[in-house]
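One structure is given here, and the rest of the page talks about it.
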Amino acid sequence: MHFVRFFETAMLERAARGEVTGPVHTAIGQEVVAAAVLRHLRPDDLVVGNHRSHHHLLVQSLTRLLPADWDPLADAFPDPVAKHLAASFAEVTAQTSGVNHGAGGSMHLRDAEVGFAGSSAIVGGGIPLAAGLALAHRRRASGGVAVCFIGDGAVNQGVFHESANLARLLALPLLIVVENNGYAESTRPDEASSVLPLAGQGAAHGLRAVQVAGDEPAALTEAAGQLLETVRAGRPALLEVETYRHLDHVGPRRGSAAGYRDEAEEQRWLERDPLVSLPRTLRREGLLPDGADLLVAAAAERAVGAVWERVAAAAPPGVERLDPYRLLRGAPPAATAAAAAPAPSGPTVPLTFQEAIAEGLGRALHRDPDVLFLGEEVGKPGGLLAQCGRLDRTLVGTRIIDTPISEAGFVGLAGGAALAGLRPVVELMYGSFALVAADQLFNHIGVVRALYGNTAKAPVVVRTKVPTGLGYGPQHGLNPVGLFGAFPGWRVHAPADAREYLGVLNSALECDDPVLIVEFSPLYGERAALTEADFTARLPLEGARTVRAGSDVTLVGYGLALHWALEAAEVLAAEGVDAEVVDLRALDFAAIDWSTLEASLRRTGRGLFVDPAARGQAIGPRLVAELGARSPGPVLATLACADVQPVARELERQAVLTAADVVRAARRLIDNHTGEAHQ
C-alpha cells in the first residue's frame, strides 16, 4: 500500500512538471483493495482493471514477482523485479520504454507476464472481457479465475448486468470487485443507483455478493479469500468495498476544491485511511512495534525512488516513424498464400451457400478445440447448424454456447476469450445488431493491439447476415461493411459464393486479428458443387481478384453486388461493351488491393463501384476519393442502394439495386468521359 501511495504521489509531481502524457487518475486512499484481494491469486489467475488501475497493476506485479522470503525492511528489489517495475513505471507515464511501448499510457495498462490482462478506460468496458477470460479458464479446466476491478459508476452500465447474468448462467469463475469510492467523478451512488448497497445488484443476478468496509483490512482480506474459493468452485461473485479516493477524479486537487464534497467529509476519510488506521490497530493489538510503520513507509519510499531512478537512467529509445497498421494488425496467416480459390477437382458435393457455411463451421469446431461458437440460439433447432443438419449436440453448452439477447455482453465475452488464446466465432443475427455491441467491437476488440502496444491480440470472428431485399426494414437491414471499415483493426470480408466463403472462414480462424464476415441472405440458396479441397482451402485475407476480364469499363463490387455486376456485364456484352469485373474481397481499407484496382482502371479508363449498402454507409465514395488521389485520370462513379429500405415490397424494390441499375450506370459512365460522377 505504501509503495503504491508513493508511486502515485511521485507521478502527480511529474505530471505537474509536464512529464506525464494524458490524464492521471490516482487511487490514493484505495490501495487496500488491491492489496487485500490480489494476495490470494494463483499463477494462472488473470486481472482486468479500469481507468484507475495503477494500484492493481503494481500490487499484482509485486505479489507475482517478489520471492516469498523478500524482506522489505532489509532487501532491495531483485534486479529482474526492479527492471520489470521500471518498465511498468515507464508505461504509466507513457514512455516508449514502457511495458507496452507507451502505447497505452496510464489508462490502458497490460502486463501479461504478471497476469494483468489489461485495463479499459471505458467505464464498465472491461467486465465482459473479464467474463471471457473466465470462460477460457472454464473451457480449459485450469482452476484459474478472472478478477475484474470496477468503480461504483460501472454498476449502472448495461454490460455490468449482461456480464453478471452471463457469468451466472455459464458458471464462470469470475470475481467482480466494486471499489465504491463514493463518487463516479462527482456523482454519489445514491444519486445514480436505485438499488443500494451496490452488492445487491450482483445478488440480483445470482452472484454471491458481499459488502465490506475498506478500512477493515483484515475483514476485507478474509472476505476476498472466501469469495475467491467460491469462484473457483464455479459460482461467480461480487465484492463491494466501501473505500475513498482522497483526490479529485483526475489530477492532484481534492474533491472539495471542485465543489462536490466538503472538507469535513474528506477529513473523516483521512482518519479512516487504512495506511493510518491499520498501523493504529496493529499497535493496539501488540502486533506492530512502535515506529515499525515508519520504517515500512521509508522502505517503500526508497524502493519507489530507486525504480524512478532506473527509469531515468534508461537510455531513451530512438524516435521511430509511426506506422499505424503495425499497431492495428498482425501479419496475415502464412496459409493464405493462394491467390484464388481452387478449381473443382475430385468428387463434388452439391450444397447451398447456407449449407456450406454450416459445414465449414462444423468442421472448424471438430478440427480445433480452441474454436467456440456463440450467439443467440446457435445451439437451438432454429440455429444455422441445426437447420443445415450440422449441429453436434455433444458440443452444446461447452463449445457451442447459446447466449441471452445481450449482444454487448456476449461479444465482449468472445473478446476476453480471444485475449486468453481461444478462437471464438460470434454470430450477430443481423448486421444492424452490431450497433448494440459497438463499444466492445470498436473500443475494445478492434483496437486491442493499439491499446496495448501490440502485446495482445483478439482473434474473434464475427459472422452476420444482411437480408437485402427481403423486407426486413431499417432495424434489421444494415450492411455493416462501411461501419466496420470506418474503425481500425477489423479485417472485413463479404464473400460472394460458398467457395470463397469457406476459404475466408478457414483463414479467419487462423488469423490473430478480428475478422468480420458478412453473409447476404439472398445468396443463401445459391448452389455450388464443392470438393474436399474447397473445405480445406485458405484464401487471402488481403487482395482483390478479377473475375471477368474486359477493356471498356471496370465494375467493382463485393458480396451480393458482385452478382449484380456479373449479370450486368453479360447484358453489356450483348451491346458490344466489354466490362471487367473485380471482386474487392478484402473490404477494410488497410487491406484494399489498390494495385489490382489501379491496373484494371488503366486498362479500361472507367470504373463503377457497385455497393450493396445504403448510400450513407457505402464504401464506394471513399474508394473513389482514394483512387483519385493515387492515380488521377480514370472516370470514376459509385452506385449504392437508397438510404432507407422500407418493408413494403413495392417501395423496397425501388430502394435496392439490381443488375439493370448497374447497366444504366455503366452506360452513363461510358458516355461521360470527363469529371467524376457520384450517385
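Every chain in the C-alpha cells takes a letter, A first, then B, and so on in the order presented; its residues are numbered from 1, and the ligands are numbered from 1 following the presented order.
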
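For stretch 102-104 of chain A, the non-local neighbours within 8 Å, defined as residues at least 5 positions apart in the same chain or in other chains and counting only C-alpha atoms, are A:Ala90, A:Glu91, A:Val92, A:Thr93, A:Ala94, A:Gln95, A:Thr96, A:Ser97, A:Leu109, A:Ala450, A:Leu451, A:Tyr452, A:Gly453.
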
Show which residues sit within 10 Å of A:Ala414, as a ChimeraX atom specification. Count only C-alpha atoms, and ignore same-chain residues fewer than 6 positions away. /A:128-129,131-133,135-136,372-375,420,422-426,440,445,458-462

Selection near A:Ala313, 12 Å with only C-alpha atoms, sequence-local residues under 3 positions removed, as a VMD selection string: chain A and resid 83 86 90 97 306 to 310 316 to 317

Stretch 142-152 of chain A environment, 7 Å, only C-alpha atoms, sequence neighbours closer than 2 positions dropped, as a count of residues only: 28

For the atom pair atom CA of A:Ala618 and atom CA of A:Leu505, what is the interatomic distance in Å to one decimal place?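 A separation of 23.5 Å between them.
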
Just checking: using only C-alpha atoms, which residue out of A:Leu73, A:Ala408, A:Ala659, A:Leu58 ends up closest to A:Gly126?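 Counting only C-alpha atoms, the residue closest to A:Gly126 is A:Ala408.
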
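Excluding A:Phe484 itself and same-chain residues fewer than 3 positions from it, the residues having an atom within 10 Å of it are Ala434, Ala438, Leu441, Phe442, Gly446, Asn479, Pro480, Val481, Phe487, Pro488, Gly489, Trp490, Arg491, Val492, Val515, Leu516, Leu587 and Asp588 of chain A, counting only C-alpha atoms.
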
What lies within 12 Å of stretch 248-264 of chain A using only C-alpha atoms, ignoring chain neighbours under 4 positions off, as a compact mmCIF listing (two decimals) with N, CA and C atoms, in the first residue's frame?
```
# COMPACT_ATOMS: atom_id res chain seq x y z
N GLU A 8 2.18 6.97 -6.78
CA GLU A 8 1.20 7.90 -7.35
C GLU A 8 1.49 9.33 -6.94
N THR A 9 2.00 9.53 -5.74
CA THR A 9 2.39 10.88 -5.33
C THR A 9 3.50 11.41 -6.23
N ALA A 10 4.50 10.56 -6.49
CA ALA A 10 5.59 10.97 -7.37
C ALA A 10 5.10 11.21 -8.79
N MET A 11 4.13 10.42 -9.24
CA MET A 11 3.60 10.59 -10.58
C MET A 11 2.87 11.94 -10.71
N LEU A 12 2.16 12.33 -9.67
CA LEU A 12 1.50 13.64 -9.71
C LEU A 12 2.53 14.76 -9.79
N GLU A 13 3.63 14.61 -9.08
CA GLU A 13 4.69 15.61 -9.15
C GLU A 13 5.25 15.70 -10.56
N ARG A 14 5.44 14.56 -11.20
CA ARG A 14 5.96 14.56 -12.56
C ARG A 14 4.94 15.13 -13.54
N ALA A 15 3.66 14.85 -13.29
CA ALA A 15 2.63 15.41 -14.15
C ALA A 15 2.61 16.93 -14.06
N ALA A 16 2.82 17.44 -12.85
CA ALA A 16 2.84 18.89 -12.67
C ALA A 16 4.00 19.53 -13.44
N VAL A 20 4.25 13.78 -17.78
CA VAL A 20 3.30 12.68 -17.93
C VAL A 20 2.31 13.04 -19.02
N GLY A 22 -1.26 12.62 -20.87
CA GLY A 22 -2.62 12.17 -20.62
C GLY A 22 -3.07 12.42 -19.20
N PRO A 23 -4.34 12.09 -18.91
CA PRO A 23 -4.89 12.32 -17.56
C PRO A 23 -4.30 11.36 -16.55
N VAL A 24 -4.29 11.78 -15.27
CA VAL A 24 -3.77 10.96 -14.18
C VAL A 24 -4.90 10.70 -13.19
N HIS A 25 -5.35 9.46 -13.15
CA HIS A 25 -6.40 9.05 -12.21
C HIS A 25 -5.71 8.29 -11.08
N THR A 26 -5.66 8.86 -9.91
CA THR A 26 -4.98 8.20 -8.80
C THR A 26 -5.95 7.41 -7.93
N ALA A 27 -5.39 6.42 -7.27
CA ALA A 27 -6.16 5.61 -6.32
C ALA A 27 -5.68 5.85 -4.90
N ILE A 28 -5.20 7.06 -4.62
CA ILE A 28 -4.71 7.38 -3.29
C ILE A 28 -5.88 7.29 -2.30
N GLY A 29 -5.77 6.36 -1.38
CA GLY A 29 -6.85 6.05 -0.44
C GLY A 29 -7.47 4.69 -0.70
N HIS A 51 -9.85 2.55 -15.74
CA HIS A 51 -9.05 3.75 -15.99
C HIS A 51 -8.23 4.15 -14.76
N ARG A 52 -8.58 3.62 -13.59
CA ARG A 52 -7.87 3.94 -12.35
C ARG A 52 -7.25 2.64 -11.85
N SER A 106 -1.37 5.62 -19.03
CA SER A 106 -1.89 5.42 -17.69
C SER A 106 -3.21 4.65 -17.65
N MET A 107 -4.03 4.81 -18.68
CA MET A 107 -5.38 4.23 -18.60
C MET A 107 -5.50 2.86 -19.25
N GLY A 151 -15.39 0.57 -10.76
CA GLY A 151 -15.83 1.58 -9.82
C GLY A 151 -17.33 1.51 -9.61
N ASN A 181 -15.82 4.13 -4.19
CA ASN A 181 -15.10 5.22 -3.54
C ASN A 181 -15.99 6.44 -3.31
N GLY A 182 -17.29 6.24 -3.47
CA GLY A 182 -18.23 7.30 -3.12
C GLY A 182 -18.62 8.21 -4.25
N TYR A 183 -17.88 8.17 -5.35
CA TYR A 183 -18.16 9.12 -6.42
C TYR A 183 -17.80 8.54 -7.79
N ALA A 184 -18.75 8.60 -8.73
CA ALA A 184 -18.46 8.38 -10.14
C ALA A 184 -18.18 9.77 -10.70
N GLU A 185 -16.91 10.12 -10.81
CA GLU A 185 -16.45 11.51 -10.99
C GLU A 185 -16.96 12.32 -9.79
N SER A 186 -18.13 12.96 -9.92
CA SER A 186 -18.63 13.73 -8.78
C SER A 186 -20.04 13.32 -8.38
N THR A 187 -20.51 12.18 -8.90
CA THR A 187 -21.88 11.72 -8.63
C THR A 187 -21.87 10.60 -7.60
N ARG A 188 -22.64 10.76 -6.53
CA ARG A 188 -22.70 9.75 -5.48
C ARG A 188 -23.55 8.56 -5.92
N TYR A 244 -12.44 5.07 -0.51
CA TYR A 244 -12.47 6.52 -0.75
C TYR A 244 -11.24 6.92 -1.55
N ARG A 268 -12.77 13.10 7.60
CA ARG A 268 -13.23 11.85 8.21
C ARG A 268 -12.61 10.64 7.50
N TRP A 269 -12.53 10.73 6.21
CA TRP A 269 -11.96 9.61 5.46
C TRP A 269 -10.43 9.55 5.58
N LEU A 270 -9.79 10.68 5.78
CA LEU A 270 -8.35 10.65 6.04
C LEU A 270 -8.06 9.89 7.33
N GLU A 271 -8.93 10.05 8.32
CA GLU A 271 -8.75 9.33 9.57
C GLU A 271 -9.04 7.84 9.41
```

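Non-sequential neighbours of A:Cys641 (distance at most 8 Å, separation of 4 or more positions within a chain, only C-alpha atoms) are A:Asp611, A:Pro612, A:Ala613, A:Ala614, A:Arg615, A:Ala655, A:Val656, A:Leu657.
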